[in-house]
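As provided, entry_1.cif (mmCIF, C-alpha atoms) reads as follows.
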data_my_file
loop_
_atom_site.label_atom_id
_atom_site.label_comp_id
_atom_site.auth_asym_id
_atom_site.auth_seq_id
_atom_site.Cartn_x
_atom_site.Cartn_y
_atom_site.Cartn_z
CA MET N 24 193.80 168.67 -152.46
CA THR N 25 190.15 169.78 -152.68
CA THR N 26 186.78 168.14 -152.12
CA THR N 27 184.28 167.55 -154.94
CA ASP N 28 182.67 170.91 -154.26
CA GLY N 29 185.98 172.70 -154.73
CA GLN N 30 186.50 173.44 -151.05
CA ALA N 31 189.67 172.63 -149.20
CA PRO N 32 189.15 169.70 -146.83
CA ARG N 33 188.51 170.59 -143.24
CA GLN N 34 191.52 170.01 -141.05
CA GLU N 35 190.93 167.82 -138.03
CA PRO N 36 192.00 169.60 -134.83
CA ALA N 37 195.18 168.32 -133.23
CA ARG N 38 194.55 165.90 -130.42
CA LEU N 39 196.32 166.66 -127.18
CA ALA N 40 197.63 163.86 -125.06
CA LYS N 41 196.34 163.87 -121.52
CA ALA N 42 198.06 166.46 -119.32
CA ILE N 43 200.62 165.04 -116.92
CA GLU N 44 198.76 166.33 -113.86
CA ASP N 45 195.62 164.48 -114.96
CA ILE N 46 197.30 161.08 -115.23
CA ALA N 47 197.12 158.50 -112.45
CA VAL N 48 199.69 155.73 -112.74
CA HIS N 49 198.62 152.31 -111.47
CA SER N 50 201.47 149.91 -110.77
CA ALA N 51 202.98 147.73 -108.05
CA LEU N 52 205.91 147.89 -105.66
CA ASN N 53 208.70 145.33 -105.70
CA ASP N 54 206.78 143.14 -103.25
CA GLY N 55 203.61 143.25 -105.38
CA THR N 56 201.71 145.85 -103.33
CA VAL N 57 199.34 147.66 -105.70
CA VAL N 58 199.72 151.44 -105.69
CA CYS N 59 198.45 154.50 -107.50
CA LEU N 60 200.67 157.52 -108.17
CA ARG N 61 199.08 160.90 -108.87
CA THR N 62 199.74 164.58 -108.41
CA ILE N 63 199.11 166.09 -104.99
CA THR N 64 196.57 168.91 -104.79
CA PRO N 65 195.58 171.31 -101.99
CA ASP N 66 192.59 169.02 -101.33
CA ASP N 67 195.01 166.33 -100.10
CA GLU N 68 195.86 168.10 -96.85
CA GLN N 69 194.30 165.46 -94.59
CA LEU N 70 195.85 162.59 -96.56
CA LEU N 71 199.21 164.28 -96.17
CA ARG N 72 198.74 164.82 -92.45
CA ASP N 73 197.77 161.18 -91.98
CA GLY N 74 200.77 159.98 -93.98
CA ILE N 75 203.21 162.11 -91.99
CA ALA N 76 201.68 160.83 -88.75
CA LYS N 77 202.54 157.27 -89.89
CA LEU N 78 206.22 158.09 -90.29
CA SER N 79 208.46 156.88 -87.50
CA ALA N 80 210.30 159.50 -85.45
CA GLU N 81 213.48 158.59 -87.33
CA SER N 82 211.84 158.97 -90.75
CA ARG N 83 210.32 162.32 -89.76
CA TYR N 84 213.73 163.46 -88.57
CA LEU N 85 215.44 162.38 -91.81
CA ARG N 86 212.78 164.08 -93.96
CA PHE N 87 212.02 167.25 -91.98
CA PHE N 88 215.21 167.49 -89.86
CA SER N 89 212.94 167.25 -86.80
CA PRO N 90 211.35 164.24 -85.01
CA VAL N 91 208.30 166.19 -83.78
CA PRO N 92 205.16 164.00 -84.05
CA VAL N 93 203.00 166.82 -85.42
CA LEU N 94 204.37 169.33 -87.89
CA PRO N 95 203.35 173.00 -87.63
CA ASP N 96 200.36 173.97 -89.73
CA ALA N 97 202.57 176.33 -91.72
CA VAL N 98 204.71 173.40 -92.90
CA ILE N 99 201.68 171.36 -93.93
CA GLU N 100 200.24 174.35 -95.78
CA ARG N 101 203.47 174.74 -97.75
CA LEU N 102 203.43 171.05 -98.65
CA VAL N 103 199.94 171.26 -100.14
CA ASP N 104 200.43 174.68 -101.75
CA VAL N 105 200.93 172.97 -105.11
CA ASP N 106 200.39 174.68 -108.46
CA GLY N 107 201.95 172.17 -110.88
CA HIS N 108 204.57 174.65 -112.09
CA ASP N 109 206.50 176.33 -109.29
CA HIS N 110 205.60 173.59 -106.82
CA ILE N 111 205.20 170.12 -108.28
CA ALA N 112 204.31 167.19 -106.04
CA TRP N 113 203.39 163.54 -106.55
CA GLY N 114 201.99 161.16 -103.99
CA ALA N 115 201.39 157.44 -103.74
CA ILE N 116 198.26 155.70 -102.48
CA CYS N 117 198.15 152.05 -101.41
CA THR N 118 195.07 151.01 -103.37
CA GLU N 119 194.86 147.56 -101.79
CA CYS N 120 195.17 148.83 -98.21
CA GLU N 121 192.13 149.53 -96.05
CA GLY N 122 191.13 153.16 -96.48
CA GLN N 123 193.63 153.60 -99.36
CA PRO N 124 196.12 155.64 -97.30
CA ALA N 125 198.87 157.91 -98.59
CA ILE N 126 202.20 156.09 -98.34
CA GLY N 127 204.68 158.52 -99.89
CA ALA N 128 205.20 161.94 -101.40
CA VAL N 129 207.83 163.73 -103.43
CA HIS N 130 208.16 167.48 -104.02
CA ALA N 131 210.03 169.91 -106.24
CA VAL N 132 209.77 173.60 -105.32
CA ARG N 133 211.12 176.21 -107.71
CA TYR N 134 213.27 178.92 -106.17
CA ARG N 135 211.73 182.36 -105.86
CA GLY N 136 212.10 184.53 -108.89
CA GLY N 137 211.41 181.72 -111.32
CA GLY N 138 214.16 180.15 -113.35
CA PRO N 139 214.99 176.51 -114.00
CA ALA N 140 216.18 175.46 -110.53
CA GLY N 141 214.40 174.20 -107.44
CA GLU N 142 214.65 171.94 -104.41
CA PHE N 143 213.79 168.23 -104.19
CA SER N 144 212.47 166.19 -101.25
CA VAL N 145 210.95 162.72 -100.80
CA ALA N 146 209.40 160.67 -98.01
CA VAL N 147 208.01 157.13 -97.81
CA VAL N 148 206.04 155.63 -94.93
CA ASP N 149 208.29 153.17 -93.08
CA GLU N 150 206.18 150.09 -93.87
CA PHE N 151 206.71 150.65 -97.61
CA GLN N 152 210.37 151.63 -97.64
CA GLY N 153 212.83 149.55 -99.64
CA GLN N 154 210.25 148.50 -102.24
CA GLY N 155 211.09 150.93 -105.03
CA LEU N 156 208.42 153.53 -104.25
CA ALA N 157 210.81 156.48 -103.92
CA ARG N 158 212.22 155.77 -107.38
CA MET N 159 208.75 155.47 -108.89
CA MET N 160 207.57 158.76 -107.40
CA THR N 161 210.82 160.45 -108.38
CA ALA N 162 210.39 159.28 -111.97
CA ALA N 163 206.95 160.91 -112.09
CA LEU N 164 208.25 164.10 -110.50
CA LEU N 165 211.23 164.46 -112.83
CA VAL N 166 209.15 163.97 -115.98
CA HIS N 167 206.72 166.60 -114.70
CA CYS N 168 209.58 168.97 -113.77
CA LEU N 169 211.13 168.69 -117.22
CA ALA N 170 207.79 169.51 -118.84
CA GLU N 171 207.51 172.62 -116.64
CA GLY N 172 211.03 173.88 -117.27
CA MET N 173 212.51 172.93 -113.89
CA ALA N 174 215.77 171.46 -115.16
CA VAL N 175 217.95 171.34 -112.01
CA LEU N 176 217.07 170.28 -108.47
CA ASP N 177 219.10 170.74 -105.31
CA VAL N 178 218.86 168.03 -102.67
CA HIS N 179 219.72 168.54 -98.98
CA ILE N 180 220.13 165.28 -97.06
CA LEU N 181 221.15 164.60 -93.49
CA SER N 182 224.54 162.89 -93.66
CA GLU N 183 223.26 159.75 -91.93
CA ASN N 184 220.42 159.27 -94.44
CA ALA N 185 222.06 156.47 -96.41
CA ALA N 186 218.92 155.52 -98.36
CA ALA N 187 218.39 159.03 -99.70
CA LYS N 188 222.04 159.28 -100.66
CA ARG N 189 221.78 156.02 -102.62
CA LEU N 190 218.71 157.32 -104.41
CA VAL N 191 220.23 160.61 -105.57
CA LYS N 192 223.54 159.00 -106.51
CA SER N 193 221.67 156.45 -108.64
CA LEU N 194 220.19 159.43 -110.50
CA ASP N 195 223.68 160.72 -111.33
CA ALA N 196 223.32 163.67 -108.97
CA ALA N 197 226.59 165.48 -108.25
CA SER N 198 227.79 166.13 -104.71
CA THR N 199 228.20 169.86 -104.09
CA GLY N 200 229.47 169.70 -100.52
CA GLU N 201 228.66 168.81 -96.93
CA SER N 202 228.26 171.13 -93.97
CA ALA N 203 226.88 170.88 -90.43
CA GLY N 204 225.78 167.30 -90.98
CA VAL N 205 223.93 168.00 -94.22
CA ALA N 206 225.08 166.59 -97.56
CA GLU N 207 224.19 168.60 -100.65
CA TYR N 208 223.66 167.35 -104.19
CA ARG N 209 222.62 168.87 -107.51
CA LEU N 210 220.44 166.76 -109.76
CA ASP N 211 220.18 167.36 -113.49
CA VAL N 212 216.57 166.43 -114.25
CA ALA N 213 217.16 165.10 -117.77
CA ALA N 214 220.12 163.01 -116.60
CA GLY N 215 218.03 161.63 -113.74
CA ILE N 216 215.30 160.57 -116.15
CA ALA N 217 217.89 158.91 -118.38
CA ALA N 218 219.25 156.95 -115.41
CA LEU N 219 215.74 155.82 -114.47
CA ARG N 220 214.93 154.86 -118.05
CA ALA N 221 218.03 152.65 -118.08
CA ASP N 222 216.86 150.86 -114.91
CA THR N 223 215.04 148.08 -116.73
CA ASP N 224 215.04 145.91 -113.59
CA ALA N 225 212.53 148.31 -111.99
CA PRO N 226 209.15 147.57 -113.63
CA GLY N 227 207.34 150.15 -111.51
CA VAL N 228 209.67 152.89 -112.72
CA GLN N 229 209.15 151.81 -116.31
CA ASP N 230 205.36 151.86 -115.81
CA VAL N 231 205.62 155.48 -114.66
CA LEU N 232 207.80 156.54 -117.58
CA ARG N 233 205.56 154.85 -120.13
CA ALA N 234 202.50 156.53 -118.69
CA LEU N 235 203.92 160.04 -118.42
CA GLU N 236 206.58 160.60 -121.06
CA GLY N 237 205.02 162.36 -124.03
CA ALA N 238 202.01 163.59 -122.05
CA GLY N 239 200.72 166.94 -123.22
CA LYS N 240 202.23 166.65 -126.70
CA SER N 241 199.90 167.08 -129.66
CA SER N 242 199.25 164.37 -132.19
CA SER N 243 197.48 164.52 -135.51
#
Would you put the structure from the file into structure tokens?
Amino acid sequence: MTTTDGQAPRQEPARLAKAIEDIAVHSALNDGTVVCLRTITPDDEQLLRDGIAKLSAESRYLRFFSPVPVLPDAVIERLVDVDGHDHIAWGAICTECEGQPAIGAVHAVRYRGGGPAGEFSVAVVDEFQGQGLARMMTAALLVHCLAEGMAVLDVHILSENAAAKRLVKSLDAASTGESAGVAEYRLDVAAGIAALRADTDAPGVQDVLRALEGAGKSSS
């Protein structure tokens, strides 16, 4: 096809969907609390510190294997050392709470040397536990991991952490053993996303998947 002057028509440039890391997902927890999920950046250090300080001693112990009220600076620095490829992290903000505090975070850290495998962790402030937030954040993380080629995640959970075990089992993670009070699982990222997509009784999870799946793909 040519134009009236004999020239080939100019091709419109492909439009890129918004990058995953630039998307903020606005949704609600099971009890109606309005939240915003977004990627964590190094600028979120104080938000992260404040959120960890709000965890109970038990929740800190289950997440960090230590009940200390203040984590070492080196640990905090690793948590905010996020690049969106080898270390992917999503956090949740309570947008209707005073000061809009951080109420949860989820991380995937690729093993050294690259490759498709990494390690998964999640934490939710006690006041907001049991309302579907961990599943929502995990949905965002897994979609992001798949886009960045992190296809398998190992999960290390204290044996008494029943809630975390329920979460990873619901994602079809496979048990790989238990030693010294720590249960180990391996999560196939694509299978985890499929399990979340099938959870149609979790509207927050579906909001996350609708917002993020397909991000970064070109359209004409």
I'd like to know which of N:Ala214, N:Ile99, N:Ile75, N:Leu94 is closest to N:Ala162, using all atoms listed in the file.
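Closest to N:Ala162, using all atoms listed in the file: N:Ala214.
As for atom CA of N:Arg158 and atom CA of N:Val212, they are spaced 13.4 Å apart.
Of the listed residues N:Arg86, N:Asp106, N:Ala213, N:Ala47, the one whose atoms come nearest to N:Asp66 is N:Asp106, with distances taken using all atoms listed in the file.
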Residue list as a VMD selection string for point (216.7, 158.1, -98.1), cut-off 10 Å, all atoms listed in the file:
chain N and resid 82 85 to 86 144 to 147 152 to 153 157 180 to 181 183 to 191
N:Gln69, N:Ser50, N:Gln229, N:Ser79: which is nearest N:Ala115, counting all atoms listed in the file?
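So, comparing all the options, the nearest one is N:Ser50.
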Report the centre and edge lengths, in Å to one decimal, of an axis-aligned box enclosing every atom of stretch 131-137 of chain N listed in the file, padded by 8 Å on each side, as JSON.
{"center_x": 211.5, "center_y": 177.2, "center_z": -108.3, "size_x": 19.5, "size_y": 30.6, "size_z": 22.0}
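Of the residues listed (N:Leu219, N:Asp45, N:Ile126, N:Val175), N:Ile126 shows the shortest atom-to-atom separation from N:Asp73; distances use only C-alpha atoms.
Straight-line separation from atom CA of N:Gln154 to atom CA of N:Asp54: 6.5 Å.
Taking only C-alpha atoms into account, N:Tyr208 lies nearest to N:His179 out of the set N:His179, N:Arg220, N:Arg101, N:Arg133.
Proximity ranking of N:Glu171, N:Ile116, N:Leu52, N:Ala203 relative to N:Ala225 places N:Leu52 first, based on all atoms listed in the file.
Atom pair atom CA of N:Leu176 / atom CA of N:Ala131 has a distance of 7.4 Å (rounded to one decimal).
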N:Gly141 surroundings by only C-alpha atoms, 12 Å radius, close-in-sequence under 6 positions cut, as a list in words:
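Listed by chain and then number, they are His108, Asp109, His110, Ile111, His130, Ala131, Val132, Arg133, Tyr134, Arg135, Leu165, Cys168, Leu169, Glu171, Gly172, Met173, Ala174, Val175, Leu176, Asp177, Val178, His179, Tyr208, Arg209, Leu210, Asp211 and Val212 of chain N.
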Can you list, as a PyMOL selection string, every protein, DNA or RNA residue that comes within 12 Å of N:Leu60 when you count only C-alpha atoms, leaving out same-chain residues fewer than 4 positions away?
chain N and resi 43-52+112-118+123-129+156-164+227-228+230-232+234-235
Please supply stretch 141-162 of chain N, rebuilt with N, CA, C and O atoms, as a PDB file, in the frame of the given file.
ATOM      1  N   GLY N 141     215.259 174.337-108.606  1.00  0.00           N
ATOM      2  CA  GLY N 141     214.400 174.200-107.440  1.00  0.00           C
ATOM      3  C   GLY N 141     215.006 173.242-106.438  1.00  0.00           C
ATOM      4  O   GLY N 141     216.176 172.869-106.542  1.00  0.00           O
ATOM      5  N   GLU N 142     214.187 172.816-105.480  1.00  0.00           N
ATOM      6  CA  GLU N 142     214.650 171.940-104.410  1.00  0.00           C
ATOM      7  C   GLU N 142     213.789 170.681-104.373  1.00  0.00           C
ATOM      8  O   GLU N 142     212.560 170.750-104.522  1.00  0.00           O
ATOM      9  N   PHE N 143     214.426 169.552-104.145  1.00  0.00           N
ATOM     10  CA  PHE N 143     213.790 168.230-104.190  1.00  0.00           C
ATOM     11  C   PHE N 143     213.699 167.636-102.792  1.00  0.00           C
ATOM     12  O   PHE N 143     214.611 167.792-101.977  1.00  0.00           O
ATOM     13  N   SER N 144     212.583 166.936-102.513  1.00  0.00           N
ATOM     14  CA  SER N 144     212.470 166.190-101.250  1.00  0.00           C
ATOM     15  C   SER N 144     211.559 164.986-101.476  1.00  0.00           C
ATOM     16  O   SER N 144     210.686 164.999-102.351  1.00  0.00           O
ATOM     17  N   VAL N 145     211.748 163.938-100.663  1.00  0.00           N
ATOM     18  CA  VAL N 145     210.950 162.720-100.800  1.00  0.00           C
ATOM     19  C   VAL N 145     210.784 162.064 -99.439  1.00  0.00           C
ATOM     20  O   VAL N 145     211.669 162.149 -98.581  1.00  0.00           O
ATOM     21  N   ALA N 146     209.645 161.426 -99.239  1.00  0.00           N
ATOM     22  CA  ALA N 146     209.400 160.670 -98.010  1.00  0.00           C
ATOM     23  C   ALA N 146     208.518 159.471 -98.326  1.00  0.00           C
ATOM     24  O   ALA N 146     207.603 159.561 -99.153  1.00  0.00           O
ATOM     25  N   VAL N 147     208.797 158.353 -97.657  1.00  0.00           N
ATOM     26  CA  VAL N 147     208.010 157.130 -97.810  1.00  0.00           C
ATOM     27  C   VAL N 147     207.696 156.587 -96.428  1.00  0.00           C
ATOM     28  O   VAL N 147     208.584 156.529 -95.560  1.00  0.00           O
ATOM     29  N   VAL N 148     206.446 156.222 -96.204  1.00  0.00           N
ATOM     30  CA  VAL N 148     206.040 155.630 -94.930  1.00  0.00           C
ATOM     31  C   VAL N 148     206.877 154.382 -94.665  1.00  0.00           C
ATOM     32  O   VAL N 148     207.125 153.572 -95.569  1.00  0.00           O
ATOM     33  N   ASP N 149     207.325 154.216 -93.429  1.00  0.00           N
ATOM     34  CA  ASP N 149     208.290 153.170 -93.080  1.00  0.00           C
ATOM     35  C   ASP N 149     207.908 151.788 -93.595  1.00  0.00           C
ATOM     36  O   ASP N 149     208.759 151.042 -94.108  1.00  0.00           O
ATOM     37  N   GLU N 150     206.641 151.423 -93.476  1.00  0.00           N
ATOM     38  CA  GLU N 150     206.180 150.090 -93.870  1.00  0.00           C
ATOM     39  C   GLU N 150     206.444 149.791 -95.338  1.00  0.00           C
ATOM     40  O   GLU N 150     206.551 148.625 -95.740  1.00  0.00           O
ATOM     41  N   PHE N 151     206.573 150.835 -96.163  1.00  0.00           N
ATOM     42  CA  PHE N 151     206.710 150.650 -97.610  1.00  0.00           C
ATOM     43  C   PHE N 151     208.093 151.032 -98.123  1.00  0.00           C
ATOM     44  O   PHE N 151     208.311 151.056 -99.328  1.00  0.00           O
ATOM     45  N   GLN N 152     209.020 151.294 -97.219  1.00  0.00           N
ATOM     46  CA  GLN N 152     210.370 151.630 -97.640  1.00  0.00           C
ATOM     47  C   GLN N 152     211.098 150.404 -98.172  1.00  0.00           C
ATOM     48  O   GLN N 152     210.806 149.270 -97.786  1.00  0.00           O
ATOM     49  N   GLY N 153     212.032 150.639 -99.087  1.00  0.00           N
ATOM     50  CA  GLY N 153     212.830 149.550 -99.640  1.00  0.00           C
ATOM     51  C   GLY N 153     212.140 148.742-100.715  1.00  0.00           C
ATOM     52  O   GLY N 153     212.643 147.686-101.109  1.00  0.00           O
ATOM     53  N   GLN N 154     211.002 149.237-101.225  1.00  0.00           N
ATOM     54  CA  GLN N 154     210.250 148.500-102.240  1.00  0.00           C
ATOM     55  C   GLN N 154     210.169 149.235-103.566  1.00  0.00           C
ATOM     56  O   GLN N 154     209.320 148.932-104.398  1.00  0.00           O
ATOM     57  N   GLY N 155     211.028 150.237-103.756  1.00  0.00           N
ATOM     58  CA  GLY N 155     211.090 150.930-105.030  1.00  0.00           C
ATOM     59  C   GLY N 155     210.154 152.108-105.182  1.00  0.00           C
ATOM     60  O   GLY N 155     210.108 152.737-106.246  1.00  0.00           O
ATOM     61  N   LEU N 156     209.408 152.456-104.133  1.00  0.00           N
ATOM     62  CA  LEU N 156     208.420 153.530-104.250  1.00  0.00           C
ATOM     63  C   LEU N 156     209.074 154.891-104.470  1.00  0.00           C
ATOM     64  O   LEU N 156     208.593 155.704-105.282  1.00  0.00           O
ATOM     65  N   ALA N 157     210.153 155.174-103.762  1.00  0.00           N
ATOM     66  CA  ALA N 157     210.810 156.480-103.920  1.00  0.00           C
ATOM     67  C   ALA N 157     211.253 156.691-105.362  1.00  0.00           C
ATOM     68  O   ALA N 157     211.105 157.792-105.915  1.00  0.00           O
ATOM     69  N   ARG N 158     211.777 155.656-105.986  1.00  0.00           N
ATOM     70  CA  ARG N 158     212.220 155.770-107.380  1.00  0.00           C
ATOM     71  C   ARG N 158     211.035 155.985-108.310  1.00  0.00           C
ATOM     72  O   ARG N 158     211.108 156.764-109.269  1.00  0.00           O
ATOM     73  N   MET N 159     209.932 155.299-108.058  1.00  0.00           N
ATOM     74  CA  MET N 159     208.750 155.470-108.890  1.00  0.00           C
ATOM     75  C   MET N 159     208.206 156.893-108.793  1.00  0.00           C
ATOM     76  O   MET N 159     207.917 157.538-109.813  1.00  0.00           O
ATOM     77  N   MET N 160     208.070 157.397-107.569  1.00  0.00           N
ATOM     78  CA  MET N 160     207.570 158.760-107.400  1.00  0.00           C
ATOM     79  C   MET N 160     208.531 159.778-107.995  1.00  0.00           C
ATOM     80  O   MET N 160     208.104 160.768-108.603  1.00  0.00           O
ATOM     81  N   THR N 161     209.831 159.536-107.832  1.00  0.00           N
ATOM     82  CA  THR N 161     210.820 160.450-108.380  1.00  0.00           C
ATOM     83  C   THR N 161     210.760 160.472-109.895  1.00  0.00           C
ATOM     84  O   THR N 161     210.897 161.535-110.520  1.00  0.00           O
ATOM     85  N   ALA N 162     210.529 159.318-110.512  1.00  0.00           N
ATOM     86  CA  ALA N 162     210.390 159.280-111.970  1.00  0.00           C
ATOM     87  C   ALA N 162     209.243 160.174-112.418  1.00  0.00           C
ATOM     88  O   ALA N 162     209.372 160.956-113.368  1.00  0.00           O
TER      89      ALA N 162
END
